[in-house]
file model_24.tsv (TSV, C-alpha atoms (C1' of nucleotides))
chain	number	residue	atom	x	y	z
A	26	MET	CA	-34.46	-48.42	-42.73
A	27	GLU	CA	-36.06	-51.49	-44.22
A	28	GLY	CA	-36.62	-53.16	-40.90
A	29	GLY	CA	-39.27	-55.57	-42.09
A	30	ARG	CA	-37.07	-57.48	-44.46
A	31	LYS	CA	-34.30	-58.14	-42.00
A	32	SER	CA	-36.17	-60.72	-39.94
A	33	ASP	CA	-36.74	-63.19	-42.75
A	34	LYS	CA	-33.21	-62.74	-43.97
A	35	GLU	CA	-30.76	-65.33	-42.78
A	36	SER	CA	-28.88	-63.89	-39.86
A	37	LEU	CA	-25.26	-63.11	-40.48
A	38	PHE	CA	-24.40	-64.23	-37.03
A	39	THR	CA	-25.49	-67.79	-36.56
A	40	GLU	CA	-26.01	-68.80	-32.97
A	41	VAL	CA	-22.41	-69.55	-32.22
A	42	LYS	CA	-21.65	-68.65	-28.65
A	43	PHE	CA	-17.93	-68.10	-29.00
A	44	THR	CA	-16.09	-64.91	-28.41
A	45	CYS	CA	-13.01	-64.07	-30.40
A	46	PRO	CA	-9.85	-64.80	-28.37
A	47	ARG	CA	-8.08	-62.10	-30.30
A	48	CYS	CA	-10.41	-59.11	-30.12
A	49	GLY	CA	-13.12	-60.28	-27.76
A	50	SER	CA	-15.91	-59.72	-30.27
A	51	ASP	CA	-18.86	-62.11	-30.12
A	52	GLN	CA	-19.67	-61.65	-33.80
A	53	ILE	CA	-18.50	-65.07	-34.88
A	54	ILE	CA	-19.57	-66.34	-38.29
A	55	LYS	CA	-19.55	-69.94	-39.41
A	56	ASP	CA	-18.44	-70.70	-42.95
A	57	PRO	CA	-20.99	-73.26	-44.18
A	58	ASN	CA	-18.57	-74.80	-46.67
A	59	THR	CA	-15.42	-75.22	-44.65
A	60	GLY	CA	-17.05	-75.19	-41.24
A	61	GLU	CA	-14.53	-72.63	-40.11
A	62	LEU	CA	-15.49	-70.07	-37.52
A	63	VAL	CA	-14.43	-66.56	-38.43
A	64	CYS	CA	-14.50	-63.38	-36.37
A	65	ALA	CA	-16.50	-60.69	-38.18
A	66	SER	CA	-14.69	-57.98	-36.33
A	67	CYS	CA	-11.03	-58.83	-36.80
A	68	GLY	CA	-11.17	-61.62	-39.38
A	69	LEU	CA	-9.43	-64.24	-37.25
A	70	ILE	CA	-10.19	-67.84	-38.19
A	71	LEU	CA	-11.05	-69.54	-34.93
A	72	SER	CA	-11.95	-73.13	-35.52
A	73	THR	CA	-8.65	-74.28	-36.95
A	74	GLY	CA	-6.70	-73.00	-33.99
A	75	MET	CA	-8.79	-72.66	-30.87
A	76	VAL	CA	-6.76	-71.43	-27.95
A	77	ASP	CA	-5.23	-74.34	-26.11
A	78	THR	CA	-5.06	-73.56	-22.44
A	79	ASP	CA	-3.47	-76.89	-21.63
A	80	LYS	CA	0.18	-77.47	-20.84
A	81	ASP	CA	2.65	-77.19	-23.69
A	82	TRP	CA	4.58	-80.23	-22.46
A	83	ARG	CA	4.00	-83.87	-21.51
A	84	ALA	CA	5.30	-85.98	-18.65
A	85	PHE	CA	5.25	-89.73	-18.27
A	86	ASP	CA	6.04	-90.03	-14.57
A	87	ALA	CA	6.07	-87.91	-11.45
A	88	ASP	CA	9.72	-86.96	-11.68
A	89	GLU	CA	9.32	-85.83	-15.25
A	90	TYR	CA	6.25	-83.84	-14.26
A	91	MET	CA	8.17	-81.99	-11.54
A	92	ASP	CA	11.04	-81.49	-13.91
A	93	ARG	CA	9.05	-80.03	-16.76
A	94	ALA	CA	6.49	-77.98	-14.93
A	95	HIS	CA	7.10	-74.28	-15.33
A	96	THR	CA	4.76	-71.66	-14.07
A	97	GLY	CA	4.81	-67.96	-13.40
A	98	ALA	CA	3.72	-64.66	-14.80
A	99	PRO	CA	3.50	-64.58	-18.57
A	100	VAL	CA	6.24	-62.70	-20.35
A	101	THR	CA	4.86	-59.76	-22.29
A	102	PRO	CA	6.56	-56.96	-24.19
A	103	THR	CA	3.58	-54.71	-23.52
A	104	ARG	CA	4.67	-53.98	-19.97
A	105	SER	CA	7.89	-52.51	-18.76
A	106	GLY	CA	10.35	-55.17	-17.69
A	107	TYR	CA	8.38	-57.52	-19.98
A	108	GLY	CA	5.99	-58.04	-17.09
A	109	LEU	CA	8.83	-59.59	-15.10
A	110	ASP	CA	11.06	-58.13	-12.47
A	111	SER	CA	14.40	-59.53	-11.60
A	112	ASP	CA	16.54	-59.08	-8.57
A	113	ILE	CA	19.86	-60.27	-7.31
A	114	ALA	CA	19.68	-62.46	-4.25
A	115	MET	CA	21.83	-62.24	-1.14
A	116	THR	CA	23.34	-65.61	-1.90
A	117	SER	CA	26.44	-66.98	-0.32
A	118	GLY	CA	29.72	-66.40	-2.06
A	119	LEU	CA	29.19	-62.71	-2.51
A	120	SER	CA	29.76	-60.07	0.11
A	121	ARG	CA	26.84	-57.90	1.16
A	122	LYS	CA	28.59	-54.95	-0.39
A	123	SER	CA	29.12	-56.49	-3.84
A	124	VAL	CA	25.51	-57.68	-4.00
A	125	GLN	CA	24.38	-54.15	-3.24
A	126	THR	CA	26.67	-52.76	-5.95
A	127	LEU	CA	25.40	-55.33	-8.44
A	128	ARG	CA	21.81	-54.52	-7.56
A	129	ARG	CA	22.39	-50.83	-8.00
A	130	THR	CA	24.00	-51.28	-11.43
A	131	HIS	CA	21.32	-53.70	-12.55
A	132	ARG	CA	18.53	-51.41	-11.47
A	133	HIS	CA	20.21	-48.42	-13.07
A	134	VAL	CA	20.62	-50.09	-16.48
A	135	SER	CA	17.20	-51.75	-16.71
A	136	ASP	CA	15.35	-48.78	-15.21
A	137	ALA	CA	16.81	-46.34	-17.68
A	138	ARG	CA	15.80	-48.47	-20.66
A	139	GLU	CA	12.38	-49.28	-19.31
A	140	LYS	CA	11.59	-45.75	-18.25
A	141	ALA	CA	12.29	-44.60	-21.76
A	142	VAL	CA	9.74	-46.91	-23.36
A	143	GLU	CA	7.11	-47.00	-20.63
A	144	PRO	CA	5.05	-43.95	-21.74
A	145	ALA	CA	4.90	-45.29	-25.29
A	146	LEU	CA	3.85	-48.73	-24.09
A	147	ARG	CA	1.10	-47.15	-22.04
A	148	LYS	CA	-0.12	-45.31	-25.14
A	149	ILE	CA	-0.06	-48.55	-27.11
A	150	ARG	CA	-2.15	-50.35	-24.49
A	151	LEU	CA	-4.64	-47.49	-24.39
A	152	ALA	CA	-4.98	-47.27	-28.16
A	153	ALA	CA	-5.34	-51.03	-28.41
A	154	GLU	CA	-8.30	-50.88	-26.09
A	155	THR	CA	-10.06	-48.25	-28.20
A	156	LEU	CA	-9.27	-50.04	-31.46
A	157	ASN	CA	-10.31	-53.37	-29.97
A	158	LEU	CA	-7.05	-55.05	-30.91
A	159	PRO	CA	-6.22	-58.65	-30.06
A	160	PRO	CA	-3.36	-59.29	-27.59
A	161	GLU	CA	-1.22	-60.73	-30.37
A	162	THR	CA	-1.31	-57.40	-32.19
A	163	VAL	CA	-0.66	-55.34	-29.06
A	164	GLU	CA	2.38	-57.45	-28.26
A	165	ASP	CA	3.69	-57.09	-31.77
A	166	ALA	CA	3.26	-53.32	-31.59
A	167	ALA	CA	5.08	-53.18	-28.26
A	168	MET	CA	7.83	-55.39	-29.59
A	169	LEU	CA	8.28	-53.17	-32.65
A	170	TYR	CA	8.42	-50.07	-30.51
A	171	ARG	CA	11.09	-51.60	-28.27
A	172	LYS	CA	13.08	-52.56	-31.33
A	173	ALA	CA	12.79	-49.05	-32.79
A	174	ALA	CA	13.74	-47.47	-29.48
A	175	GLY	CA	16.64	-49.90	-29.12
A	176	GLU	CA	18.02	-48.77	-32.45
A	177	GLY	CA	17.61	-45.11	-31.58
A	178	LEU	CA	14.93	-44.50	-34.21
A	179	VAL	CA	12.55	-42.82	-31.80
A	180	LYS	CA	14.74	-39.97	-30.65
A	181	GLY	CA	13.76	-36.60	-31.98
A	182	ARG	CA	10.52	-37.82	-33.48
A	183	SER	CA	6.95	-37.41	-32.35
A	184	MET	CA	6.15	-40.24	-29.98
A	185	ASP	CA	2.51	-40.31	-31.04
A	186	ALA	CA	3.45	-40.73	-34.68
A	187	MET	CA	5.83	-43.56	-33.81
A	188	VAL	CA	3.30	-45.27	-31.58
A	189	ALA	CA	0.64	-44.94	-34.28
A	190	ALA	CA	3.10	-46.32	-36.82
A	191	VAL	CA	3.97	-49.42	-34.79
A	192	ILE	CA	0.29	-50.06	-34.10
A	193	TYR	CA	-0.55	-49.82	-37.77
A	194	ALA	CA	2.42	-52.03	-38.65
A	195	ALA	CA	1.37	-54.61	-36.06
A	196	CYS	CA	-2.17	-54.62	-37.48
A	197	ARG	CA	-0.77	-55.29	-40.93
A	198	ARG	CA	1.54	-58.03	-39.67
A	199	THR	CA	-1.17	-59.82	-37.72
A	200	ASP	CA	-3.89	-59.46	-40.38
A	201	VAL	CA	-6.10	-57.15	-38.33
A	202	PRO	CA	-7.97	-54.86	-40.72
A	203	ARG	CA	-7.50	-51.37	-39.27
A	204	SER	CA	-6.95	-48.50	-41.65
A	205	LEU	CA	-4.18	-45.97	-41.42
A	206	GLU	CA	-6.93	-43.38	-41.07
A	207	GLU	CA	-8.45	-45.15	-38.03
A	208	VAL	CA	-5.11	-45.37	-36.26
A	209	ALA	CA	-4.04	-41.83	-37.19
A	210	SER	CA	-7.28	-40.18	-36.10
A	211	LEU	CA	-7.01	-41.83	-32.70
A	212	PHE	CA	-3.85	-39.81	-32.12
A	213	ASN	CA	-5.23	-36.68	-33.84
A	214	LEU	CA	-2.64	-37.13	-36.54
A	215	LYS	CA	-2.85	-36.94	-40.29
A	216	GLU	CA	-2.61	-40.14	-42.31
A	217	LYS	CA	0.37	-38.66	-44.07
A	218	GLU	CA	2.35	-38.21	-40.86
A	219	VAL	CA	1.70	-41.72	-39.62
A	220	GLY	CA	2.36	-43.12	-43.06
A	221	ARG	CA	5.69	-41.37	-43.19
A	222	SER	CA	6.73	-42.72	-39.79
A	223	PHE	CA	5.49	-46.15	-40.78
A	224	ARG	CA	7.61	-46.23	-43.92
A	225	PHE	CA	10.61	-44.80	-42.09
A	226	LEU	CA	10.30	-47.46	-39.42
A	227	PHE	CA	10.10	-50.51	-41.55
A	228	ARG	CA	12.76	-49.25	-43.90
A	229	LYS	CA	15.18	-48.73	-41.00
A	230	LEU	CA	14.24	-51.95	-39.24
A	231	GLY	CA	14.39	-53.91	-42.46
A	232	ILE	CA	10.98	-55.45	-41.82
A	233	ARG	CA	8.92	-56.65	-44.76
A	234	ILE	CA	5.22	-55.93	-44.42
A	235	PRO	CA	3.08	-57.34	-47.22
A	236	PRO	CA	0.14	-55.23	-48.44
A	237	PRO	CA	-3.13	-56.05	-46.69
A	238	LYS	CA	-5.23	-58.77	-48.26
A	239	PRO	CA	-8.65	-57.73	-49.59
A	240	GLU	CA	-10.06	-60.82	-47.84
A	241	ASN	CA	-9.35	-59.21	-44.49
A	242	PHE	CA	-12.00	-56.57	-45.12
A	243	VAL	CA	-14.80	-58.83	-46.32
A	244	TYR	CA	-16.42	-59.77	-43.03
A	245	ALA	CA	-16.33	-56.25	-41.66
A	246	ILE	CA	-18.02	-54.84	-44.80
A	247	CYS	CA	-20.61	-57.63	-44.93
A	248	ALA	CA	-21.37	-57.12	-41.25
A	249	LYS	CA	-21.94	-53.39	-41.81
A	250	LEU	CA	-24.46	-54.12	-44.56
A	251	GLY	CA	-26.10	-57.06	-42.84
A	252	LEU	CA	-25.16	-59.42	-45.64
A	253	PRO	CA	-25.36	-63.14	-44.91
A	254	GLU	CA	-22.26	-65.27	-44.47
A	255	ARG	CA	-22.78	-67.08	-47.76
A	256	VAL	CA	-22.09	-63.79	-49.55
A	257	ALA	CA	-18.93	-63.23	-47.51
A	258	THR	CA	-17.73	-66.76	-48.19
A	259	GLN	CA	-18.17	-66.38	-51.93
A	260	ALA	CA	-16.63	-62.91	-51.95
A	261	ILE	CA	-13.52	-64.47	-50.43
A	262	ARG	CA	-13.54	-67.16	-53.14
A	263	ILE	CA	-13.79	-64.42	-55.77
A	264	LEU	CA	-10.89	-62.56	-54.20
A	265	LYS	CA	-8.69	-65.66	-54.14
A	266	ILE	CA	-9.25	-66.16	-57.87
A	267	ALA	CA	-8.74	-62.43	-58.41
A	268	ARG	CA	-5.32	-62.63	-56.81
A	269	GLN	CA	-4.34	-65.61	-58.96
A	270	GLN	CA	-5.42	-63.60	-62.00
A	271	GLY	CA	-3.46	-60.55	-60.88
A	272	ALA	CA	-6.65	-58.50	-60.62
A	273	THR	CA	-5.81	-57.16	-57.17
A	274	MET	CA	-2.31	-55.90	-57.95
A	275	GLY	CA	-1.80	-52.23	-57.30
A	276	ARG	CA	-5.44	-51.83	-56.33
A	277	GLU	CA	-6.73	-50.56	-53.05
A	278	PRO	CA	-7.55	-53.82	-51.22
A	279	VAL	CA	-10.72	-52.50	-49.61
A	280	GLY	CA	-12.06	-51.40	-52.99
A	281	VAL	CA	-11.46	-54.82	-54.49
A	282	ALA	CA	-13.14	-56.40	-51.49
A	283	ALA	CA	-16.20	-54.19	-51.92
A	284	ALA	CA	-16.44	-55.12	-55.60
A	285	ALA	CA	-16.18	-58.84	-54.82
A	286	ILE	CA	-18.94	-58.54	-52.25
A	287	TYR	CA	-21.06	-56.65	-54.76
A	288	MET	CA	-20.56	-59.45	-57.26
A	289	ALA	CA	-21.35	-62.20	-54.77
A	290	SER	CA	-24.37	-60.39	-53.37
A	291	GLN	CA	-25.87	-60.04	-56.84
A	292	GLU	CA	-25.55	-63.75	-57.54
A	293	PHE	CA	-27.39	-64.49	-54.32
A	294	GLY	CA	-30.15	-61.96	-55.03
A	295	GLU	CA	-29.01	-59.86	-52.05
A	296	HIS	CA	-29.21	-56.55	-53.82
A	297	LYS	CA	-27.05	-53.80	-52.45
A	298	THR	CA	-26.27	-50.75	-54.50
A	299	GLN	CA	-22.77	-49.80	-55.52
A	300	ARG	CA	-23.17	-46.74	-53.36
A	301	GLU	CA	-23.98	-48.82	-50.27
A	302	LEU	CA	-20.92	-51.00	-50.86
A	303	ALA	CA	-18.78	-47.92	-51.42
A	304	GLN	CA	-19.95	-46.29	-48.21
A	305	ALA	CA	-19.40	-49.42	-46.14
A	306	ALA	CA	-15.90	-49.82	-47.57
A	307	GLY	CA	-14.97	-46.14	-47.37
A	308	VAL	CA	-14.26	-45.74	-51.08
A	309	THR	CA	-16.25	-44.08	-53.84
A	310	GLU	CA	-18.90	-45.59	-56.04
A	311	VAL	CA	-16.64	-45.16	-59.04
A	312	THR	CA	-13.92	-47.26	-57.44
A	313	VAL	CA	-16.37	-50.06	-56.67
A	314	ARG	CA	-17.63	-49.83	-60.23
A	315	ASN	CA	-14.17	-49.96	-61.78
A	316	ARG	CA	-13.03	-52.87	-59.61
A	317	TYR	CA	-16.28	-54.66	-60.39
A	318	LYS	CA	-15.68	-54.19	-64.07
A	319	GLU	CA	-12.23	-55.73	-63.73
A	320	LEU	CA	-13.59	-58.64	-61.72
A	321	LEU	CA	-16.27	-59.21	-64.35
A	322	ALA	CA	-13.63	-59.37	-67.04
A	323	LYS	CA	-11.04	-61.50	-65.25
A	324	VAL	CA	-12.74	-63.46	-62.48
A	325	HIS	CA	-16.51	-63.84	-62.81
A	326	LYS	CA	-16.48	-66.70	-65.33
A	327	LEU	CA	-13.75	-68.64	-63.53
A	328	TRP	CA	-15.53	-68.26	-60.23
A	329	LEU	CA	-18.83	-69.59	-61.57
A	330	GLU	CA	-17.07	-72.49	-63.26
A	331	GLN	CA	-15.47	-73.55	-60.01
A	332	LEU	CA	-18.72	-73.48	-58.05
A	333	PRO	CA	-20.22	-76.85	-57.13
A	334	GLU	CA	-23.54	-77.60	-58.85
A	335	ASP	CA	-25.62	-77.62	-55.66
A	336	LEU	CA	-24.35	-74.16	-54.72
A	337	LYS	CA	-25.22	-72.85	-58.18
A	338	LYS	CA	-28.76	-74.17	-57.74
A	339	GLN	CA	-28.90	-72.63	-54.28
A	340	MET	CA	-27.84	-69.27	-55.74
A	341	ALA	CA	-30.48	-69.45	-58.46
A	342	SER	CA	-33.21	-70.17	-55.94
A	343	PHE	CA	-32.10	-67.30	-53.71
A	344	ARG	CA	-32.17	-65.02	-56.75
A	345	GLU	CA	-35.63	-66.21	-57.77
A	346	SER	CA	-37.11	-65.69	-54.32
A	347	ALA	CA	-35.56	-62.21	-54.18
A	348	GLU	CA	-37.09	-61.33	-57.54
A	349	GLY	CA	-40.45	-62.66	-56.41
A	350	GLN	CA	-40.66	-60.08	-53.63
B	19	DA	C1'	-36.90	-41.69	-59.88
B	20	DA	C1'	-33.19	-44.75	-58.72
B	21	DG	C1'	-29.36	-47.12	-60.00
B	22	DA	C1'	-25.74	-48.28	-63.25
B	23	DC	C1'	-22.37	-46.81	-66.30
B	24	DG	C1'	-18.85	-43.95	-68.45
B	25	DA	C1'	-16.06	-39.85	-69.48
B	26	DA	C1'	-13.30	-36.02	-68.12
B	27	DA	C1'	-10.80	-33.35	-65.02
B	28	DG	C1'	-8.61	-32.90	-60.58
B	29	DT	C1'	-5.86	-34.69	-56.43
B	30	DG	C1'	-2.21	-36.64	-53.73
B	31	DG	C1'	1.30	-40.19	-53.49
B	32	DT	C1'	5.22	-42.70	-55.59
B	33	DT	C1'	9.11	-43.29	-58.48
B	34	DG	C1'	13.11	-42.37	-61.06
B	35	DA	C1'	16.24	-39.13	-63.23
C	4	DT	C1'	13.76	-31.26	-56.76
C	5	DC	C1'	10.82	-32.09	-60.46
C	6	DA	C1'	8.26	-34.43	-63.97
C	7	DA	C1'	5.84	-38.52	-65.21
C	8	DC	C1'	2.76	-41.83	-63.80
C	9	DA	C1'	-0.89	-44.77	-61.79
C	10	DA	C1'	-4.75	-45.03	-58.81
C	11	DC	C1'	-8.39	-42.83	-56.94
C	12	DT	C1'	-11.99	-39.09	-56.39
C	13	DT	C1'	-15.36	-35.73	-57.90
C	14	DT	C1'	-18.65	-34.33	-60.94
C	15	DC	C1'	-21.83	-34.74	-64.37
C	16	DG	C1'	-24.37	-36.57	-68.30
C	17	DT	C1'	-26.67	-40.58	-70.39
C	18	DC	C1'	-28.96	-44.94	-70.40
C	19	DT	C1'	-31.92	-48.55	-68.38
C	20	DT	C1'	-35.42	-50.42	-65.55
call {"tool": "encode", "arguments": {"input": "model_24.tsv", "output": "structure tokens"}}
result
Amino acid sequence: MEGGRKSDKESLFTEVKFTCPRCGSDQIIKDPNTGELVCASCGLILSTGMVDTDKDWRAFDADEYMDRAHTGAPVTPTRSGYGLDSDIAMTSGLSRKSVQTLRRTHRHVSDAREKAVEPALRKIRLAAETLNLPPETVEDAAMLYRKAAGEGLVKGRSMDAMVAAVIYAACRRTDVPRSLEEVASLFNLKEKEVGRSFRFLFRKLGIRIPPPKPENFVYAICAKLGLPERVATQAIRILKIARQQGATMGREPVGVAAAAIYMASQEFGEHKTQRELAQAAGVTEVTVRNRYKELLAKVHKLWLEQLPEDLKKQMASFRESAEGQ
DNA sequence: AAGACGAAAGTGGTTGA
DNA sequence: TCAACAACTTTCGTCTT
């Protein structure tokens, strides 16, 4: 590979020593224009909503403090019993015998439900680890599975396909860019099978899942190609205009993303071939080319017009120094 | 020679009758 | 169930640098 050039190229990962609270990746990129910190792995914007580990309540005197304090194990749908166990105490007012009866009934009902979903939840947790999913996504997947199981949609279907489907759905709902192919192959399933379960699920549950945004794929593709953050930032600008212009409708989001990156990289003199972009995005050269053509027609001019003067000059100088090499 | 571009034919999914 | 359709892929030839 062209190892020599890489050192004088601006590093994609500026020395930010954060790790992503969602996926744990340390590939955090800083957007020079907005100052936002973005995770290159899962696309989460960090700086506008850093995790607040403080209390979620305030107290103005000691009594209030005692009153409002609540602690204990976090509630999570990813574990059976939501990570909580409940029991019925031997309190006064009830005979020993009725407490025992109550306990037995309670255990019977909750155990039966929990036992039914436990293997699936275990699979979800395992898959999440391999796919490097943030907790938010894992919880959503677990929640969806519980909902599906609760409505009897799981019976008689392949558990793996259902688990894969809820994981994919959760990724979509929480803006984590994982492809159907990635999720399906983890379970040795075909895209088609998972896709079918996915559609069945959200049709039956009445859940609306918007198509993935092309922006979600930008940082992952740029990271694969070692493109600097300024290219990623502008690609996202291009994609925002593209959406306003209706240039993303009905198009494969990842293909549009690749084309936008191609466009931005050219303006910055960061030459990558259409083939390289296509490979990084997992589409063909022709798709990149066609999306690029559409972006040229509908977006390119608007994008350049909206750019601040100093950034235009910056682009020109980057292009010149690239040509000089 | 490498990369960009375009045309033509084929593929697999979706939609509506 | 089937045909029509849109988006995408594969393949290949031509043009440009």
call {"tool": "interface_residues", "arguments": {"input": "model_24.tsv", "of": "chain A", "to": "chain C", "cutoff": "9 Å", "atoms": "all atoms listed in the file", "output": "ChimeraX atom specification"}}
result
/A:275-277,308-309,311-312
call {"tool": "interface_residues", "arguments": {"input": "model_24.tsv", "of": "chain B", "to": "chain A", "cutoff": "9 Å", "atoms": "all atoms listed in the file", "output": "VMD selection string"}}
result
chain B and resid 21 to 23
call {"tool": "atom_distance", "arguments": {"input": "model_24.tsv", "atom1": "atom CA of A:Gln270", "atom2": "atom CA of A:Leu320"}}
result
9.6 Å
call {"tool": "atom_distance", "arguments": {"input": "model_24.tsv", "atom1": "atom CA of A:Ala248", "atom2": "atom CA of A:Leu302"}}
result
11.4 Å
call {"tool": "atom_distance", "arguments": {"input": "model_24.tsv", "atom1": "atom CA of A:Ile286", "atom2": "atom CA of A:Gln259"}}
result
7.9 Å
call {"tool": "closest_residue", "arguments": {"input": "model_24.tsv", "among": "A:Pro236, A:Gly294, A:Pro144, A:Gly181", "to": "A:Pro202", "atoms": "all atoms listed in the file"}}
result
A:Pro236
call {"tool": "closest_residue", "arguments": {"input": "model_24.tsv", "among": "A:Gly307, A:Glu345, A:Ala272, A:Lys238", "to": "A:His325", "atoms": "all atoms listed in the file"}}
result
A:Ala272
call {"tool": "decode", "arguments": {"input": "model_24.tsv", "residues": "chain C", "atoms": "C-alpha atoms (C1' of nucleotides)", "output": "short mmCIF file (atom, residue, chain, number, x, y, z; two decimals), in the first residue's frame"}}
result
data_model
loop_
_atom_site.label_atom_id
_atom_site.label_comp_id
_atom_site.auth_asym_id
_atom_site.auth_seq_id
_atom_site.Cartn_x
_atom_site.Cartn_y
_atom_site.Cartn_z
"C1'" DT C 4 -49.81 -16.03 -8.84
"C1'" DC C 5 -47.97 -13.31 -12.35
"C1'" DA C 6 -46.48 -9.38 -14.93
"C1'" DA C 7 -44.57 -4.86 -14.74
"C1'" DC C 8 -41.30 -2.08 -12.76
"C1'" DA C 9 -37.31 0.20 -10.53
"C1'" DA C 10 -32.81 -0.30 -8.71
"C1'" DC C 11 -28.76 -2.56 -8.89
"C1'" DT C 12 -25.05 -5.66 -10.88
"C1'" DT C 13 -22.13 -7.56 -14.44
"C1'" DT C 14 -19.73 -7.09 -18.45
"C1'" DC C 15 -17.57 -4.84 -21.96
"C1'" DG C 16 -16.20 -1.19 -25.13
"C1'" DT C 17 -14.62 3.60 -25.69
"C1'" DC C 18 -12.52 7.82 -24.28
"C1'" DT C 19 -9.21 10.61 -21.61
"C1'" DT C 20 -5.13 11.56 -19.12
#
